[in-house]
Amino acid sequence: MPSTQPPSPSWRSGITDVGAGGGAAVVVDVVVVGAGIVGAAVARALAVGGARVVVVERGQAAGGTSGSGEGNLLVSDKGPGAELAMAQRAHELWPALARELTEELRAGLPGGFPDLELEPKGGLVVATTAAGANALRTFAATQRPAGVRAVELDADGTRALEPALTPEVACAVHYPDDAQVQPVAATEALLASARQHGASVLTGAEVTAPLLAGGRLAGVRTTRGDVAAGAVVVAAGPWSGEVSARLGAALAVLPRRGVILVTTRQPHLVHRKVYDADYVGAVSSGDADLQTSTVVESTAAGTILIGSSRERVGFDASLRVDVLRRLALGALTLFPALAGVPVMRSYGGFRPYVPDHLPVVGEDPRLPGLWHATGHEGAGIGLAPATGELLADLLLGRTPSLDAAAFSPARAGLLDGQAASAGAA
Amino acid sequence: MSARAADPSRDPSRPGPTTPVTITVDGEPVTGVLGQSLAGVVMASGRTAWRTTAAGRAPRGLFCGIGVCFDCLVTVDGVRDVRACQRRAVEGAVVTTQAEALPTRVTSDVRAGEVDDA
Amino acid sequence: MPEVASTKDHDDSANDGVVVVGGGPAGLAAATAARRAGARVVLVEAGDDVGGQYWRHLPPQRPARDEGQLHHGWSRFTEMRRSLLADEGCEVLTGASVWAVEARAPHLPGDAPVLRVVLAPIGGADAAQREHRLLRPGALVVATGAHDLTLPFPGWDLPGVVTGGAAQAFAKSERLAVGERVVVAGAGPFLLPVASSLLSTGATVLEVCEAAGPAQLARGWGSHPARLLAGPRVMAAKTAELAGYAAALLRERVPYRTATGVVAARGEGRLEEVVLARLAPDWSPVPGTERVVAADALAVSHGFTPRLEVALAAGCALREDGFVAVDDRGATSVPGVWAAGEVTGIGGADLAQVEGELAGLAAAGAVAHPGTHEASQRLSQQLSQQVSRLLDRRRTLEAFAGRLAAAHAPRAGWLAQVTDDTTVCRCEEVTAGRLRAVAAATASTADTPAGARSLRLTTRAGLGVCQGRICGHAVDAVLGRTSVGRGAGSGVGPVSHQRRPIAVPVRLGELAALPAPDHQTSDHQTADHQTADHQTSDHQTPDLTDSEEPRS
């Protein structure tokens with residue numbers, strides 16, 4: 001694939017023979033560590049931009065955080081600032097991206113590539129107390145000047161959108177731009193598209209050490225061989241701290257556990273993404289203790305997802321019945337009619353958490369050649385296309401459409417590495 | 001016909017007297033033997049299928065018979081997703097069959113009732 | 001060490017003695033043995049009576065004078081049940097589904113993990129608003145058994161096609177035959193009691209089709225199965241049981257055909273005819289040998305797969321063949337947790353009882369407090385004699401079970417019957433063709449430990465209400481990553497799809513009504529504590545990863 005951009009000498013590998021035969025190192029322009037949705041989006045953006053890319057993944061595509069969430073594309077939970085700007089950019093990108101992916105991947109597959117289930121279904125944020133209503137109105141008022149469509153509904157309007165919602169609503173704000181996507185299908189589609197643009201994906205390959213050359217990171221050693229590259233992008237989600245530490249420049253990323261309940265298939269009862277207004281507070285909190293705030297939504301399969309909890313317990317994945325209890329309580333506060341609905345599964349995952357809650361996208365100031373794309377916490381699915389675009393812009397020497405400085409790894413609080421080593425234990 | 005009850009006069013277990021139990025299935029009364037499962041009562045009445053699948057709209061009935069496959073789900077007295085092979089029939093139980101389809105997609109174009117307070 | 005209320009939690013955790021999950025042959029034997037050894041016991045059974053699938057029987061509302069005619073070892077069952085129900089030291093909870101097991105890392109390295117078992121004990125199956133109960137086992141015995149493994153074929157989702165287990169369960173507990181004209185097919189000795197049960201209800205069994213061919217069968221049974229009758233007594237009893245079933249088939253002139261399998265079930269909205277074919281030694285259908293049999297029911301079973309939810313939630317390691325790994329006394333990889341019966345390997349009810357007895361004795365040893373020192377010594381002497389006798393029996397029966405497993409284990413050619421339009425995942429109606437196509441499109445090699453996870457999530461195979469219990473192994477097999485048909489084992493593949501932290505569905509209203517945890521005994525730790533704990537204790541937390549296929 002010919003590059004449409006002038007090659008940048010800082011990342012373009014000087015060696016042109018690409019191949020893995022005979023145990024020789026694979027040589028590419030960029031190696032992306034992690035085949036979650038962020039790694040997949042980064043790989044695709046780079047490959048479309050003309051770079052030769054290999055994705056190395058310890059497990060399988062979407063095997064970590066990407067396969068453990070609801071698939072949120074939200075603006076409703078974001079106040080004015082850099083993350084909202086990224087979300088708004090992602091919101092612009094998603095519909096066209098979904099169409100492109102569907103087009104690219106249509107050929108040759110009976111029934112088509114798995115549906116991304118991109119649904120612009122909108123979100124409804126609901127406060128059930130007077131205090132919550134005030135906070136919600138205040139928050140929405142700060143969002144509107146930043147371009148967020150946030151429409152307060154009266155009781156009839158609320159009922160029209162969600163007939164099964166509790167009548168005990170103190171305030172409801174409709175965010176028409178919130179959407180949902182099937183995160184694993186989206187990850188696989190981005191990877192499949194990246195492959196069509198010349199990238200390759202190496203699964204079951206764990207990064208063990210850096211390849212260094214002249215003070216630069218020049219590739220990675222993996223359990224499936226060396227990959228030499230002009231640049232390394234660590235997109236390992238909550239494991240980014242551990243991976244970047246192995247490469248010699250730890251990043252302060254911690255896992256923040258979340259649990260979601262899945263019901264059996266139900267008659268269509270929940271139409272939008274419906275949140276308790278507390279959700280906004282929980283997302284922006286840094287508290288390590290368990291917090292639950294309610295998110296209820298249906299999937300294209302007819303199941304209902306009920307989230308979400310947030311707690312910092314390391315990578316401890318053990319079941320806690322009390323978390324399930326609190327999630328259920330929250331769901332029934334919003335939708336009393338769900339009391340008889342069976343939960344058939346709970347699942348959990350680890351969000352990549354950084355103390356200032358902002359994604360980390362850019363080159364590491366300590367080690368040239370090391371790039372980061374992580375720290376999206378619970379928003380990585382939605383933010384992935386904008387993240388891929390931003391990183392590719394920076395790495396390929398294009399002018400980014402977002403304010404890159406806000407996401408820079410060089411900002412305060414990220415580079416001490418302490419938290420990362422604790423989280424990786 | 002399909003499922004059939006053993007003939008008590010030829011049953012090696014020498015059954016004692018039984019008590020009838022009547023349930024309704026989608027409004028139709030169906031009588032079985034007290035102690036039977038809902039699935040047993042329905043099958044003994046000659047019916048092999050009662051659930052309709054969401055995607056293919058295909059009929060389903062008993063499969064594993066021991067509560068593992070969830071193919072035989074019914075609604076009982078308004079409570080959904082009861083395994084008919086696991087629940088004993090009680091007099092007057094109101095059984096309705098389940099046939100929900102996949103949900104239709106929602107787009108955000110609904111504006112009814114919105115209050116413009118911006 | 002972090003400063004947490006560890007001792008209190010430990011004390012609380014042991015107050016329910018030996019908790020036995022599962023009231024089949026293994027669980028009953030475990031409970032009986034644990035009581036004999038002096039431990040308090042809670043026996044938890046999901047059905048509304050004990051007995052399990054093996055002694056599944058008529059409900060009290062419709063008694064029969066000679067119910068034992070339908071069973072083997074009936075008097076042993078009724079005696080175990082009678083004595084456990086009459087025993088004040090044993091609480092028998094029926095209709096009680098274990099839906100969650102919380103297992104926390106121990107506070108000291110080498111200690112047993114802190115286990116808490118949550119039950120929904122009151123109300124009918126899948127009722128709403130059941131009362132929930134929390135047990136804190138001093139020792140846990142997992143005796144959850146197994147269910148039929150049915151390998152997919154075109155039309156297996158038609159009403160009228162049932163598992164062998166379904167046919168037997170309805171014959172035994174309802175005196176109802178699943179059809180009037182029934183074909184029994186699949187593999188394994190279990191086909192014989194299935195056919196026999198159907199005959200006892202007056203159904204016509206058209207034929208019994210065993211997939212294994214003569215050469216494969218001879219490997220397990222020997223060329224003269226009757227010689228087994230002259231073997232050790234325990235084995236002779238087992239063989240005689242099977243011979244009894246075979247005699248019933250002979251009496252009714254039911255053909256028993258080897259190297260024969262179902263290649264399709266057909267009908268309009270329900271089963272009307274079964275297409276059978278001769279099978280090659282690798283179990284692939286031999287072209288041109290198909291024949292059509294009109295039938296209104298087809299009972300199919302290709303073996304058994306363990307019910308692993310409780311064992312996995314407790315953190316127990318599995319063997320390569322997918323069963324719970326145990327030592328010869330039933331100890332699992334998790335201190336304080338034992339397993340017995342079919343969940344540890346398919347061996348039949350006699351072996352299950354021996355395993356249950358061993359596990360029950362061992363578990364009791366972990367919690368029992370006999371009064372005096374002499375009493376304790378006397379008891380332990382008696383017990384050690386019992387144990388060595390049981391271990392002998394166990395070895396003999398295991399050898400027999402191993403031979404049977406080899407004689408009937410699925411072989412790789414069975415996949416030839418899974419045409420592209422065959423439904424593999426029944427709940428989400430995912431065909432084999434769809435699985436294969438998406439695997440190709442996503443370049444899923446499915447050869448890594450993470451397995452076919454992403455493929456399940458993109459196709460929804462295994463994400464439906466049965467949570468992959470029925471299709472899990474078949475999905476793995478269709479994707480080419482399984483031991484089904486690849487070894488002499490049970491036909492059980494890897495466990496990538498087996499983690500189900502919510503062991504049976506529980507309703508939101510029930511979850512919401514659970515009591516809030518008591519802060520005094522809460523073992524919630526902050527992130528810093530947790531991390532420090534793991535670093536200093538070097539403890540391997542049991543792998544409690546949530547279910548593998550999330551977003552459903």
# chains A, B, ... in the order shown; residues from 1 in each chain; ligands from 1

$ residues_around --residues "Leu73 (chain B)" --least-positions-apart "2" --cutoff "6 Å" --atoms "only C-alpha atoms" --output "list in words"
Phe70, Asp71, Asp81, Val82, Arg83 and Ala84 of chain B

$ residues_around --residues "Ala179 (chain A)" --least-positions-apart "4" --cutoff "7 Å" --atoms "only C-alpha atoms" --output "list in words"
Asn72, Leu73, Leu74, Glu119, Pro120, Lys121 and Gly122 of chain A

$ write_last_selection --atoms "C-alpha atoms" --output "PDB file, in the first residue's frame"
ATOM      1  CA  ASN A  72     -20.759   2.968  24.970  1.00  0.00           C
ATOM      2  CA  LEU A  73     -20.478   5.917  22.614  1.00  0.00           C
ATOM      3  CA  LEU A  74     -21.360   8.633  25.085  1.00  0.00           C
ATOM      4  CA  GLU A 119     -27.316   2.108  17.224  1.00  0.00           C
ATOM      5  CA  PRO A 120     -27.738   5.858  17.589  1.00  0.00           C
ATOM      6  CA  LYS A 121     -30.360   5.177  20.186  1.00  0.00           C
ATOM      7  CA  GLY A 122     -29.692   8.168  22.419  1.00  0.00           C
TER       8      GLY A 122
END

$ select_by_dssp --residues "chain B" --states "strand (DSSP E)" --output "PyMOL selection string"
chain B and resi 4-5+20-25+28-33+49-52+59-61+73-76+79-83+94-96

$ closest_residue --among "A:Ala288, A:Val33, A:Ala96, A:Ala339" --to "Leu247 (chain A)" --atoms "only C-alpha atoms"
A:Val33

$ atom_distance --atom1 "CA of Ile470 (chain C)" --atom2 "CA of Leu119 (chain C)"
23.5 Å
